[in-house]
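Working notes, structure below.
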Amino acid sequence: MITFEVKKTSELTVEEKTQIISIFNEIFEKNRDEKEFDSIYYNNVKGDGIHSLMKADGVVVGHDAGIPCFYRINGKQVPAICNIDTMIHPNHRGLENYYDLMKAAFDRYRTDGYEFVYGFPNDNAFPLITGIKIMKFIGNLDTFCLPFRIGGVKKNLGFLNWASIVFCKCWLTVSTIFATKEVSHFLIEKETESFNETRYNRLGGDYTKVSLKNLDFIYKVEEYEGIRAAFLIDVTQKSSMNFCKAVQYIWKHEKRNCDIVLYVGLLPFKNTGFIKVPRKFEPKKFNFTAVMNSKILDKKVFYDIKSWDMNLSNYDLI
(Lines give C-alpha, C1' and ligand atoms only; values in the text may rest on other atoms or scores of the structure.)
Protein backbone atom coordinates (compact mmCIF):
# COMPACT_ATOMS: atom_id res chain seq x y z
CA MET A 1 0.00 0.00 0.00
CA ILE A 2 1.35 3.42 -1.02
CA THR A 3 0.87 6.32 1.41
CA PHE A 4 2.12 9.92 1.58
CA GLU A 5 2.89 12.14 4.56
CA VAL A 6 4.83 15.31 5.32
CA LYS A 7 7.08 15.82 8.35
CA LYS A 8 9.65 18.26 9.66
CA THR A 9 13.21 16.98 10.01
CA SER A 10 12.85 16.95 13.81
CA GLU A 11 9.75 14.75 13.47
CA LEU A 12 11.43 12.01 11.41
CA THR A 13 11.95 8.68 13.15
CA VAL A 14 15.37 7.04 13.15
CA GLU A 15 14.08 4.46 10.69
CA GLU A 16 12.67 7.08 8.31
CA LYS A 17 15.90 9.06 8.30
CA THR A 18 17.94 5.90 7.67
CA GLN A 19 15.66 4.89 4.80
CA ILE A 20 15.86 8.36 3.18
CA ILE A 21 19.66 8.32 3.35
CA SER A 22 19.79 4.79 1.94
CA ILE A 23 17.63 5.70 -1.08
CA PHE A 24 19.66 8.87 -1.68
CA ASN A 25 22.96 6.96 -1.71
CA GLU A 26 21.59 4.25 -3.98
CA ILE A 27 20.06 6.60 -6.54
CA PHE A 28 22.73 9.32 -6.62
CA GLU A 29 25.69 7.02 -5.89
CA LYS A 30 26.82 9.08 -2.90
CA ASN A 31 27.98 8.30 0.63
CA ARG A 32 25.78 10.64 2.65
CA ASP A 33 25.64 9.84 6.36
CA GLU A 34 23.42 11.06 9.20
CA LYS A 35 25.82 13.88 10.10
CA GLU A 36 25.67 15.32 6.58
CA PHE A 37 21.90 14.81 6.45
CA ASP A 38 21.44 16.79 9.66
CA SER A 39 23.82 19.55 8.51
CA ILE A 40 21.74 20.09 5.38
CA TYR A 41 18.29 20.07 6.95
CA TYR A 42 18.82 21.74 10.33
CA ASN A 43 21.03 24.62 9.17
CA ASN A 44 18.42 27.05 7.89
CA VAL A 45 16.47 30.06 9.12
CA LYS A 46 13.74 27.89 10.68
CA GLY A 47 16.08 25.26 12.13
CA ASP A 48 14.06 22.50 10.47
CA GLY A 49 13.55 21.08 6.99
CA ILE A 50 10.30 19.82 5.48
CA HIS A 51 10.08 16.28 4.05
CA SER A 52 7.43 14.72 1.84
CA LEU A 53 7.56 10.93 2.28
CA MET A 54 6.21 8.25 0.00
CA LYS A 55 5.90 4.90 1.76
CA ALA A 56 5.22 1.37 0.54
CA ASP A 57 3.86 -0.76 3.39
CA GLY A 58 5.37 1.64 5.90
CA VAL A 59 8.84 1.84 4.34
CA VAL A 60 10.10 5.09 2.75
CA VAL A 61 10.50 4.60 -1.01
CA GLY A 62 10.21 8.22 -2.14
CA HIS A 63 11.28 11.60 -0.78
CA ASP A 64 11.13 15.31 -1.54
CA ALA A 65 12.42 18.06 0.74
CA GLY A 66 12.35 21.80 1.25
CA ILE A 67 14.82 24.09 3.02
CA PRO A 68 13.29 27.32 4.41
CA CYS A 69 14.98 30.64 3.70
CA PHE A 70 14.23 34.36 3.56
CA TYR A 71 14.38 36.49 0.42
CA ARG A 72 13.98 40.21 -0.17
CA ILE A 73 11.50 41.44 -2.76
CA ASN A 74 11.26 45.21 -3.06
CA GLY A 75 12.90 45.41 0.35
CA LYS A 76 10.28 43.19 2.01
CA GLN A 77 11.25 39.98 3.77
CA VAL A 78 9.59 36.98 2.11
CA PRO A 79 9.69 33.36 3.37
CA ALA A 80 10.60 30.88 0.64
CA ILE A 81 11.56 27.24 0.11
CA CYS A 82 14.49 25.72 -1.76
CA ASN A 83 13.22 22.37 -3.04
CA ILE A 84 15.86 19.60 -3.08
CA ASP A 85 16.53 15.85 -2.95
CA THR A 86 13.54 14.61 -4.96
CA MET A 87 13.83 10.86 -5.48
CA ILE A 88 11.74 7.70 -5.84
CA HIS A 89 13.10 4.17 -5.68
CA PRO A 90 13.16 2.57 -9.18
CA ASN A 91 10.67 -0.12 -8.11
CA HIS A 92 8.02 2.49 -7.33
CA ARG A 93 8.44 5.13 -10.01
CA GLY A 94 5.53 6.41 -12.04
CA LEU A 95 4.00 9.75 -12.95
CA GLU A 96 1.10 9.36 -10.52
CA ASN A 97 3.39 8.59 -7.56
CA TYR A 98 5.70 11.45 -8.51
CA TYR A 99 2.79 13.89 -8.72
CA ASP A 100 1.33 12.81 -5.37
CA LEU A 101 4.74 13.08 -3.66
CA MET A 102 5.31 16.58 -4.98
CA LYS A 103 1.74 17.73 -4.39
CA ALA A 104 1.96 16.72 -0.73
CA ALA A 105 5.14 18.78 -0.34
CA PHE A 106 3.91 21.87 -2.16
CA ASP A 107 0.54 21.83 -0.36
CA ARG A 108 2.45 21.91 2.93
CA TYR A 109 4.65 24.79 1.73
CA ARG A 110 1.55 26.83 0.92
CA THR A 111 -0.15 25.93 4.22
CA ASP A 112 2.95 26.98 6.16
CA GLY A 113 2.98 30.38 4.46
CA TYR A 114 5.97 30.09 2.12
CA GLU A 115 5.36 32.58 -0.68
CA PHE A 116 7.43 30.92 -3.38
CA VAL A 117 9.40 27.74 -4.05
CA TYR A 118 12.46 27.36 -6.24
CA GLY A 119 14.76 24.51 -7.18
CA PHE A 120 17.23 23.06 -9.64
CA PRO A 121 15.91 19.69 -10.85
CA ASN A 122 18.39 17.49 -12.68
CA ASP A 123 17.86 16.54 -16.31
CA ASN A 124 15.81 13.47 -15.31
CA ALA A 125 13.42 15.32 -13.00
CA PHE A 126 13.22 18.54 -15.01
CA PRO A 127 10.71 17.37 -17.68
CA LEU A 128 8.57 15.80 -14.96
CA ILE A 129 8.35 18.77 -12.61
CA THR A 130 7.66 21.20 -15.43
CA GLY A 131 5.40 18.74 -17.28
CA ILE A 132 3.01 18.36 -14.34
CA LYS A 133 3.26 22.13 -13.82
CA ILE A 134 4.41 21.97 -10.22
CA MET A 135 7.10 24.52 -11.07
CA LYS A 136 7.88 26.67 -14.09
CA PHE A 137 11.19 26.84 -15.93
CA ILE A 138 12.81 30.25 -15.54
CA GLY A 139 16.15 29.64 -17.23
CA ASN A 140 19.60 28.10 -16.91
CA LEU A 141 22.36 29.44 -14.70
CA ASP A 142 25.60 30.26 -16.50
CA THR A 143 28.99 28.73 -15.79
CA PHE A 144 32.09 30.91 -15.72
CA CYS A 145 35.66 29.69 -15.36
CA LEU A 146 39.32 30.63 -15.42
CA PRO A 147 41.47 27.52 -16.08
CA PHE A 148 44.86 28.63 -14.77
CA ARG A 149 46.32 25.14 -15.28
CA ILE A 150 44.67 23.60 -18.31
CA GLY A 151 46.40 20.30 -17.55
CA GLY A 152 44.34 20.01 -14.38
CA VAL A 153 41.20 20.03 -16.50
CA LYS A 154 42.49 18.01 -19.48
CA LYS A 155 45.35 15.76 -18.43
CA ASN A 156 46.77 15.46 -21.95
CA LEU A 157 47.24 19.24 -22.10
CA GLY A 158 49.55 19.45 -19.11
CA PHE A 159 52.41 20.62 -21.32
CA LEU A 160 50.42 23.84 -21.89
CA ASN A 161 50.11 24.75 -18.20
CA TRP A 162 52.65 27.57 -18.52
CA ALA A 163 50.70 29.06 -21.43
CA SER A 164 47.32 28.83 -19.67
CA ILE A 165 48.74 30.51 -16.55
CA VAL A 166 50.13 33.39 -18.62
CA PHE A 167 46.88 33.70 -20.59
CA CYS A 168 44.66 33.70 -17.49
CA LYS A 169 46.79 36.28 -15.71
CA CYS A 170 46.62 38.53 -18.78
CA TRP A 171 42.87 37.96 -19.13
CA LEU A 172 42.33 38.85 -15.48
CA THR A 173 44.48 41.98 -15.80
CA VAL A 174 42.58 43.21 -18.86
CA SER A 175 39.22 42.44 -17.22
CA THR A 176 40.24 44.47 -14.18
CA ILE A 177 41.16 47.45 -16.35
CA PHE A 178 37.68 47.53 -17.91
CA ALA A 179 35.73 46.49 -14.80
CA THR A 180 33.49 48.95 -12.96
CA LYS A 181 32.75 49.46 -9.27
CA GLU A 182 29.00 49.86 -9.78
CA VAL A 183 27.19 47.34 -7.59
CA SER A 184 24.21 45.57 -9.16
CA HIS A 185 20.98 44.98 -7.25
CA PHE A 186 18.24 42.51 -8.04
CA LEU A 187 14.48 42.58 -7.58
CA ILE A 188 14.56 39.11 -5.98
CA GLU A 189 17.56 38.36 -3.81
CA LYS A 190 18.28 36.32 -0.71
CA GLU A 191 18.35 38.01 2.69
CA THR A 192 22.12 37.81 3.11
CA GLU A 193 22.31 38.25 6.88
CA SER A 194 19.98 35.39 7.89
CA PHE A 195 21.08 33.24 4.97
CA ASN A 196 24.80 33.35 5.74
CA GLU A 197 24.27 32.53 9.42
CA THR A 198 23.31 28.94 8.55
CA ARG A 199 24.03 28.14 4.87
CA TYR A 200 27.76 27.69 5.30
CA ASN A 201 27.43 25.23 8.17
CA ARG A 202 26.19 22.64 5.68
CA LEU A 203 28.19 20.00 3.79
CA GLY A 204 31.13 19.99 6.17
CA GLY A 205 31.21 23.76 6.60
CA ASP A 206 34.67 24.05 5.01
CA TYR A 207 34.02 27.35 3.24
CA THR A 208 36.40 30.30 3.23
CA LYS A 209 34.81 33.65 4.05
CA VAL A 210 36.75 36.73 2.99
CA SER A 211 36.07 40.33 4.04
CA LEU A 212 38.00 43.11 2.32
CA LYS A 213 37.23 46.80 1.92
CA ASN A 214 33.77 47.03 0.26
CA LEU A 215 33.97 43.36 -0.66
CA ASP A 216 32.75 40.16 1.00
CA PHE A 217 32.83 36.80 -0.74
CA ILE A 218 32.79 33.08 -0.01
CA TYR A 219 34.57 30.28 -1.81
CA LYS A 220 35.29 26.59 -1.43
CA VAL A 221 38.16 24.48 -2.73
CA GLU A 222 37.03 20.99 -3.64
CA GLU A 223 37.85 18.19 -6.05
CA TYR A 224 34.91 17.96 -8.42
CA GLU A 225 34.79 15.05 -10.87
CA GLY A 226 38.54 14.63 -10.61
CA ILE A 227 39.35 18.34 -11.06
CA ARG A 228 40.90 20.48 -8.33
CA ALA A 229 38.55 23.45 -8.37
CA ALA A 230 37.97 26.60 -6.38
CA PHE A 231 34.30 27.52 -6.49
CA LEU A 232 33.47 31.18 -5.96
CA ILE A 233 30.16 30.59 -4.19
CA ASP A 234 28.94 34.14 -3.70
CA VAL A 235 30.00 37.78 -3.80
CA THR A 236 27.86 40.00 -1.59
CA GLN A 237 28.53 43.32 -3.35
CA LYS A 238 28.16 42.27 -6.97
CA SER A 239 30.20 44.43 -9.34
CA SER A 240 32.56 43.42 -12.11
CA MET A 241 35.47 44.92 -10.16
CA ASN A 242 34.65 42.89 -7.07
CA PHE A 243 34.50 39.68 -9.08
CA CYS A 244 37.94 40.43 -10.51
CA LYS A 245 39.28 41.08 -7.01
CA ALA A 246 37.75 37.84 -5.71
CA VAL A 247 39.33 35.77 -8.49
CA GLN A 248 42.70 37.46 -7.91
CA TYR A 249 42.48 36.70 -4.19
CA ILE A 250 41.54 33.06 -4.72
CA TRP A 251 44.37 32.41 -7.16
CA LYS A 252 46.92 34.17 -4.96
CA HIS A 253 45.97 32.14 -1.88
CA GLU A 254 44.92 28.81 -3.43
CA LYS A 255 47.13 28.34 -6.52
CA ARG A 256 48.79 25.30 -4.95
CA ASN A 257 45.42 23.72 -4.17
CA CYS A 258 43.42 24.28 -7.36
CA ASP A 259 43.80 24.37 -11.13
CA ILE A 260 40.62 26.21 -12.09
CA VAL A 261 38.36 28.87 -10.55
CA LEU A 262 34.62 28.55 -11.22
CA TYR A 263 31.47 30.57 -10.68
CA VAL A 264 27.93 29.42 -11.42
CA GLY A 265 25.16 32.01 -11.46
CA LEU A 266 23.54 34.95 -13.19
CA LEU A 267 25.57 38.09 -13.86
CA PRO A 268 24.24 41.28 -15.50
CA PHE A 269 27.70 42.63 -16.33
CA LYS A 270 30.88 41.70 -18.21
CA ASN A 271 34.60 41.98 -17.37
CA THR A 272 34.29 39.67 -14.36
CA GLY A 273 37.72 38.11 -14.71
CA PHE A 274 36.03 34.91 -15.86
CA ILE A 275 35.42 33.31 -19.23
CA LYS A 276 31.82 32.27 -19.86
CA VAL A 277 31.57 28.58 -20.74
CA PRO A 278 29.46 27.82 -23.85
CA ARG A 279 26.32 25.79 -23.05
CA LYS A 280 27.49 22.67 -24.87
CA PHE A 281 30.70 22.56 -22.81
CA GLU A 282 29.16 23.16 -19.39
CA PRO A 283 29.98 20.29 -16.99
CA LYS A 284 26.46 20.41 -15.53
CA LYS A 285 23.14 22.02 -16.45
CA PHE A 286 21.46 24.12 -13.78
CA ASN A 287 17.73 24.12 -14.59
CA PHE A 288 16.32 26.97 -12.53
CA THR A 289 12.61 26.51 -11.76
CA ALA A 290 10.21 28.29 -9.40
CA VAL A 291 6.55 28.85 -8.55
CA MET A 292 4.68 31.62 -6.72
CA ASN A 293 2.27 30.67 -3.95
CA SER A 294 0.90 34.20 -3.55
CA LYS A 295 0.74 37.41 -5.57
CA ILE A 296 4.01 38.86 -4.34
CA LEU A 297 4.95 40.09 -7.82
CA ASP A 298 3.61 40.39 -11.32
CA LYS A 299 4.04 36.98 -12.97
CA LYS A 300 6.07 38.36 -15.87
CA VAL A 301 8.52 39.90 -13.42
CA PHE A 302 8.72 36.85 -11.15
CA TYR A 303 9.37 34.44 -14.02
CA ASP A 304 11.92 36.71 -15.70
CA ILE A 305 15.42 35.35 -15.01
CA LYS A 306 16.81 38.90 -14.98
CA SER A 307 14.87 39.60 -11.76
CA TRP A 308 16.90 37.07 -9.77
CA ASP A 309 20.20 37.02 -7.90
CA MET A 310 20.93 33.31 -8.09
CA ASN A 311 24.13 31.28 -7.77
CA LEU A 312 25.63 28.26 -5.98
CA SER A 313 24.97 29.81 -2.58
CA ASN A 314 21.24 29.26 -3.15
CA TYR A 315 21.72 25.56 -3.85
CA ASP A 316 23.44 22.75 -1.90
CA LEU A 317 25.56 21.26 -4.69
CA ILE A 318 28.81 22.63 -3.25
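By order of appearance in the C-alpha coordinates: chains A, B, ..., then residues from 1 within every chain, and ligands from 1 in the order shown.
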(message) Just list as a VMD selection string whatever in region 43-190 of chain A DSSP marks as alpha helix (DSSP H).
(response) chain A and resid 95 to 111 126 to 131 161 to 178
Store the residues picked out above in a file with N, CA and C atoms, as a short mmCIF file (atom, residue, chain, number, x, y, z; two decimals), in the first residue's frame.
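Printed below is again20.cif as written:
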data_model
loop_
_atom_site.label_atom_id
_atom_site.label_comp_id
_atom_site.auth_asym_id
_atom_site.auth_seq_id
_atom_site.Cartn_x
_atom_site.Cartn_y
_atom_site.Cartn_z
N LEU A 95 4.42 8.35 -12.94
CA LEU A 95 4.00 9.75 -12.95
C LEU A 95 3.02 10.05 -11.82
N GLU A 96 2.10 9.12 -11.55
CA GLU A 96 1.10 9.36 -10.52
C GLU A 96 1.76 9.46 -9.14
N ASN A 97 2.69 8.54 -8.85
CA ASN A 97 3.39 8.59 -7.56
C ASN A 97 4.22 9.87 -7.44
N TYR A 98 4.88 10.24 -8.52
CA TYR A 98 5.70 11.45 -8.51
C TYR A 98 4.83 12.68 -8.23
N TYR A 99 3.70 12.75 -8.90
CA TYR A 99 2.79 13.89 -8.72
C TYR A 99 2.30 13.96 -7.28
N ASP A 100 1.87 12.82 -6.74
CA ASP A 100 1.33 12.81 -5.37
C ASP A 100 2.40 13.19 -4.34
N LEU A 101 3.64 12.73 -4.56
CA LEU A 101 4.74 13.08 -3.66
C LEU A 101 4.99 14.58 -3.66
N MET A 102 5.04 15.16 -4.86
CA MET A 102 5.31 16.58 -4.98
C MET A 102 4.13 17.42 -4.51
N LYS A 103 2.93 16.99 -4.80
CA LYS A 103 1.74 17.73 -4.39
C LYS A 103 1.67 17.81 -2.86
N ALA A 104 1.99 16.72 -2.18
CA ALA A 104 1.96 16.72 -0.73
C ALA A 104 2.95 17.75 -0.18
N ALA A 105 4.13 17.82 -0.79
CA ALA A 105 5.14 18.78 -0.34
C ALA A 105 4.69 20.21 -0.59
N PHE A 106 4.24 20.49 -1.80
CA PHE A 106 3.91 21.87 -2.16
C PHE A 106 2.64 22.36 -1.47
N ASP A 107 1.72 21.45 -1.17
CA ASP A 107 0.54 21.83 -0.36
C ASP A 107 0.99 22.26 1.03
N ARG A 108 1.95 21.56 1.59
CA ARG A 108 2.45 21.91 2.93
C ARG A 108 3.18 23.26 2.89
N TYR A 109 3.96 23.51 1.83
CA TYR A 109 4.65 24.79 1.73
C TYR A 109 3.65 25.95 1.73
N ARG A 110 2.57 25.78 0.98
CA ARG A 110 1.55 26.83 0.92
C ARG A 110 0.86 27.00 2.28
N THR A 111 0.52 25.88 2.92
CA THR A 111 -0.15 25.93 4.22
C THR A 111 0.72 26.62 5.27
N PHE A 126 13.66 17.28 -14.42
CA PHE A 126 13.22 18.54 -15.01
C PHE A 126 11.97 18.40 -15.90
N PRO A 127 11.93 17.46 -16.86
CA PRO A 127 10.71 17.37 -17.68
C PRO A 127 9.49 16.93 -16.89
N LEU A 128 9.70 16.23 -15.78
CA LEU A 128 8.57 15.80 -14.96
C LEU A 128 7.98 16.96 -14.17
N ILE A 129 8.84 17.70 -13.48
CA ILE A 129 8.35 18.77 -12.61
C ILE A 129 7.75 19.93 -13.39
N THR A 130 8.26 20.16 -14.59
CA THR A 130 7.66 21.20 -15.43
C THR A 130 6.46 20.65 -16.21
N GLY A 131 6.49 19.36 -16.53
CA GLY A 131 5.40 18.74 -17.28
C GLY A 131 4.10 18.68 -16.48
N ASN A 161 50.41 24.07 -19.46
CA ASN A 161 50.11 24.75 -18.20
C ASN A 161 50.73 26.14 -18.14
N TRP A 162 51.98 26.26 -18.57
CA TRP A 162 52.65 27.57 -18.52
C TRP A 162 51.90 28.60 -19.35
N ALA A 163 51.41 28.15 -20.54
CA ALA A 163 50.70 29.06 -21.43
C ALA A 163 49.35 29.46 -20.85
N SER A 164 48.63 28.51 -20.24
CA SER A 164 47.32 28.83 -19.67
C SER A 164 47.46 29.76 -18.46
N ILE A 165 48.52 29.61 -17.68
CA ILE A 165 48.74 30.51 -16.55
C ILE A 165 48.99 31.93 -17.05
N VAL A 166 49.84 32.06 -18.05
CA VAL A 166 50.13 33.39 -18.62
C VAL A 166 48.86 34.01 -19.21
N PHE A 167 48.11 33.20 -19.97
CA PHE A 167 46.88 33.70 -20.59
C PHE A 167 45.88 34.17 -19.54
N CYS A 168 45.66 33.36 -18.51
CA CYS A 168 44.66 33.70 -17.49
C CYS A 168 45.05 34.94 -16.70
N LYS A 169 46.34 35.08 -16.41
CA LYS A 169 46.79 36.28 -15.71
C LYS A 169 46.57 37.53 -16.58
N CYS A 170 46.86 37.40 -17.87
CA CYS A 170 46.62 38.53 -18.78
C CYS A 170 45.13 38.84 -18.90
N TRP A 171 44.32 37.79 -19.03
CA TRP A 171 42.87 37.96 -19.13
C TRP A 171 42.33 38.67 -17.90
N LEU A 172 42.79 38.26 -16.72
CA LEU A 172 42.33 38.85 -15.48
C LEU A 172 42.77 40.31 -15.37
N THR A 173 43.98 40.60 -15.83
CA THR A 173 44.48 41.98 -15.80
C THR A 173 43.65 42.89 -16.70
N VAL A 174 43.38 42.43 -17.92
CA VAL A 174 42.58 43.21 -18.86
C VAL A 174 41.16 43.40 -18.34
N SER A 175 40.57 42.34 -17.78
CA SER A 175 39.22 42.44 -17.22
C SER A 175 39.17 43.49 -16.12
N THR A 176 40.19 43.51 -15.28
CA THR A 176 40.24 44.47 -14.18
C THR A 176 40.30 45.90 -14.69
N ILE A 177 41.03 46.11 -15.77
CA ILE A 177 41.16 47.45 -16.35
C ILE A 177 39.80 47.98 -16.80
N PHE A 178 38.98 47.10 -17.38
CA PHE A 178 37.68 47.53 -17.91
C PHE A 178 36.52 47.32 -16.94
#
(message) Among region 98-186 of chain A, which residues does DSSP mark as strand (DSSP E or B) when it is run on the backbone? Keep the chain and numbering as in the structure and answer as number ranges by chain.
(response) A: 116-119, 136-140, 142-146
(request) Pick out the closest residue to Val117 (chain A) from this set: A:Lys280, A:Lys136, A:His185, A:Arg199. Count only C-alpha atoms. (result) A:Lys136
(request) Can you work out the spacing between CA of Gly152 (chain A) and CA of Ile260 (chain A) in Å, to one decimal? (result)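 Separation of CA of Gly152 (chain A) and CA of Ile260 (chain A): 7.6 Å.
Within the 12 Å cut-off around Trp308 (chain A), using only C-alpha atoms and omitting residues fewer than 4 positions from it on the same chain, the listed residues are Tyr71, Arg72, Ile73, Asn74, Tyr118, Ile138, Gly139, Asn140, Leu141, Ser184, His185, Phe186, Leu187, Ile188, Glu189, Lys190, Gly265, Leu266, Leu267, Pro268, Phe288, Thr289, Ala290, Val301, Phe302, Tyr303, Asp304 and Asn314 of chain A.
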Would you mind exporting N, CA and C atoms of the selected residues as an mmCIF file, in the first residue's frame?
data_model
loop_
_atom_site.group_PDB
_atom_site.id
_atom_site.type_symbol
_atom_site.label_atom_id
_atom_site.label_comp_id
_atom_site.auth_asym_id
_atom_site.auth_seq_id
_atom_site.Cartn_x
_atom_site.Cartn_y
_atom_site.Cartn_z
ATOM 1 N N TYR A 71 13.956 35.674 1.547
ATOM 2 C CA TYR A 71 14.377 36.495 0.422
ATOM 3 C C TYR A 71 13.896 37.922 0.637
ATOM 4 N N ARG A 72 14.422 38.818 -0.159
ATOM 5 C CA ARG A 72 13.979 40.211 -0.165
ATOM 6 C C ARG A 72 13.391 40.532 -1.530
ATOM 7 N N ILE A 73 12.155 41.004 -1.535
ATOM 8 C CA ILE A 73 11.501 41.444 -2.763
ATOM 9 C C ILE A 73 11.002 42.865 -2.524
ATOM 10 N N ASN A 74 11.567 43.785 -3.270
ATOM 11 C CA ASN A 74 11.258 45.212 -3.062
ATOM 12 C C ASN A 74 11.500 45.623 -1.608
ATOM 13 N N TYR A 118 11.560 27.448 -5.087
ATOM 14 C CA TYR A 118 12.458 27.363 -6.237
ATOM 15 C C TYR A 118 13.321 26.114 -6.111
ATOM 16 N N ILE A 138 12.458 28.840 -15.419
ATOM 17 C CA ILE A 138 12.814 30.253 -15.537
ATOM 18 C C ILE A 138 14.016 30.441 -16.451
ATOM 19 N N GLY A 139 14.978 29.543 -16.363
ATOM 20 C CA GLY A 139 16.153 29.641 -17.225
ATOM 21 C C GLY A 139 17.298 28.819 -16.666
ATOM 22 N N ASN A 140 18.411 28.825 -17.356
ATOM 23 C CA ASN A 140 19.601 28.104 -16.908
ATOM 24 C C ASN A 140 20.621 29.066 -16.313
ATOM 25 N N LEU A 141 21.249 28.661 -15.233
ATOM 26 C CA LEU A 141 22.360 29.438 -14.701
ATOM 27 C C LEU A 141 23.556 29.285 -15.644
ATOM 28 N N SER A 184 25.530 45.917 -8.618
ATOM 29 C CA SER A 184 24.209 45.573 -9.163
ATOM 30 C C SER A 184 23.280 45.093 -8.051
ATOM 31 N N HIS A 185 22.008 45.445 -8.185
ATOM 32 C CA HIS A 185 20.983 44.984 -7.253
ATOM 33 C C HIS A 185 19.897 44.267 -8.047
ATOM 34 N N PHE A 186 19.212 43.356 -7.374
ATOM 35 C CA PHE A 186 18.236 42.506 -8.041
ATOM 36 C C PHE A 186 16.881 42.637 -7.359
ATOM 37 N N LEU A 187 15.831 42.462 -8.129
ATOM 38 C CA LEU A 187 14.482 42.579 -7.575
ATOM 39 C C LEU A 187 14.207 41.462 -6.574
ATOM 40 N N ILE A 188 14.741 40.260 -6.872
ATOM 41 C CA ILE A 188 14.557 39.114 -5.983
ATOM 42 C C ILE A 188 15.940 38.631 -5.556
ATOM 43 N N GLU A 189 16.250 38.785 -4.289
ATOM 44 C CA GLU A 189 17.562 38.358 -3.805
ATOM 45 C C GLU A 189 17.452 37.829 -2.386
ATOM 46 N N LYS A 190 18.328 36.916 -2.046
ATOM 47 C CA LYS A 190 18.278 36.317 -0.707
ATOM 48 C C LYS A 190 18.586 37.369 0.350
ATOM 49 N N GLY A 265 26.197 31.075 -11.871
ATOM 50 C CA GLY A 265 25.162 32.007 -11.464
ATOM 51 C C GLY A 265 24.718 32.904 -12.600
ATOM 52 N N LEU A 266 24.064 33.981 -12.238
ATOM 53 C CA LEU A 266 23.538 34.949 -13.193
ATOM 54 C C LEU A 266 24.230 36.287 -12.960
ATOM 55 N N LEU A 267 24.864 36.817 -13.993
ATOM 56 C CA LEU A 267 25.573 38.086 -13.856
ATOM 57 C C LEU A 267 25.108 39.061 -14.936
ATOM 58 N N PRO A 268 24.734 40.296 -14.543
ATOM 59 C CA PRO A 268 24.236 41.281 -15.504
ATOM 60 C C PRO A 268 25.336 42.140 -16.112
ATOM 61 N N PHE A 288 16.920 26.146 -13.577
ATOM 62 C CA PHE A 288 16.318 26.967 -12.531
ATOM 63 C C PHE A 288 14.810 27.017 -12.724
ATOM 64 N N THR A 289 14.069 26.530 -11.717
ATOM 65 C CA THR A 289 12.610 26.512 -11.756
ATOM 66 C C THR A 289 12.054 27.163 -10.483
ATOM 67 N N ALA A 290 10.832 27.663 -10.570
ATOM 68 C CA ALA A 290 10.210 28.288 -9.396
ATOM 69 C C ALA A 290 8.707 28.355 -9.591
ATOM 70 N N VAL A 301 7.304 39.480 -14.133
ATOM 71 C CA VAL A 301 8.515 39.895 -13.422
ATOM 72 C C VAL A 301 9.109 38.723 -12.646
ATOM 73 N N PHE A 302 8.254 37.979 -11.960
ATOM 74 C CA PHE A 302 8.721 36.852 -11.151
ATOM 75 C C PHE A 302 9.401 35.792 -12.013
ATOM 76 N N TYR A 303 8.828 35.503 -13.169
ATOM 77 C CA TYR A 303 9.366 34.441 -14.019
ATOM 78 C C TYR A 303 10.385 34.949 -15.041
ATOM 79 N N ASP A 304 10.861 36.154 -14.857
ATOM 80 C CA ASP A 304 11.920 36.710 -15.699
ATOM 81 C C ASP A 304 13.262 36.463 -15.006
ATOM 82 N N ASN A 314 22.670 29.528 -3.320
ATOM 83 C CA ASN A 314 21.242 29.260 -3.154
ATOM 84 C C ASN A 314 20.919 27.772 -3.258
#
(request) Check the smallest atom-to-atom distance from each of A:Cys69, A:Lys245, A:Gln19, A:Met1 to Glu197 (chain A) using only C-alpha atoms, then report the winner. (result)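 Checking each candidate against Glu197 (chain A), we get A:Cys69 as the closest.
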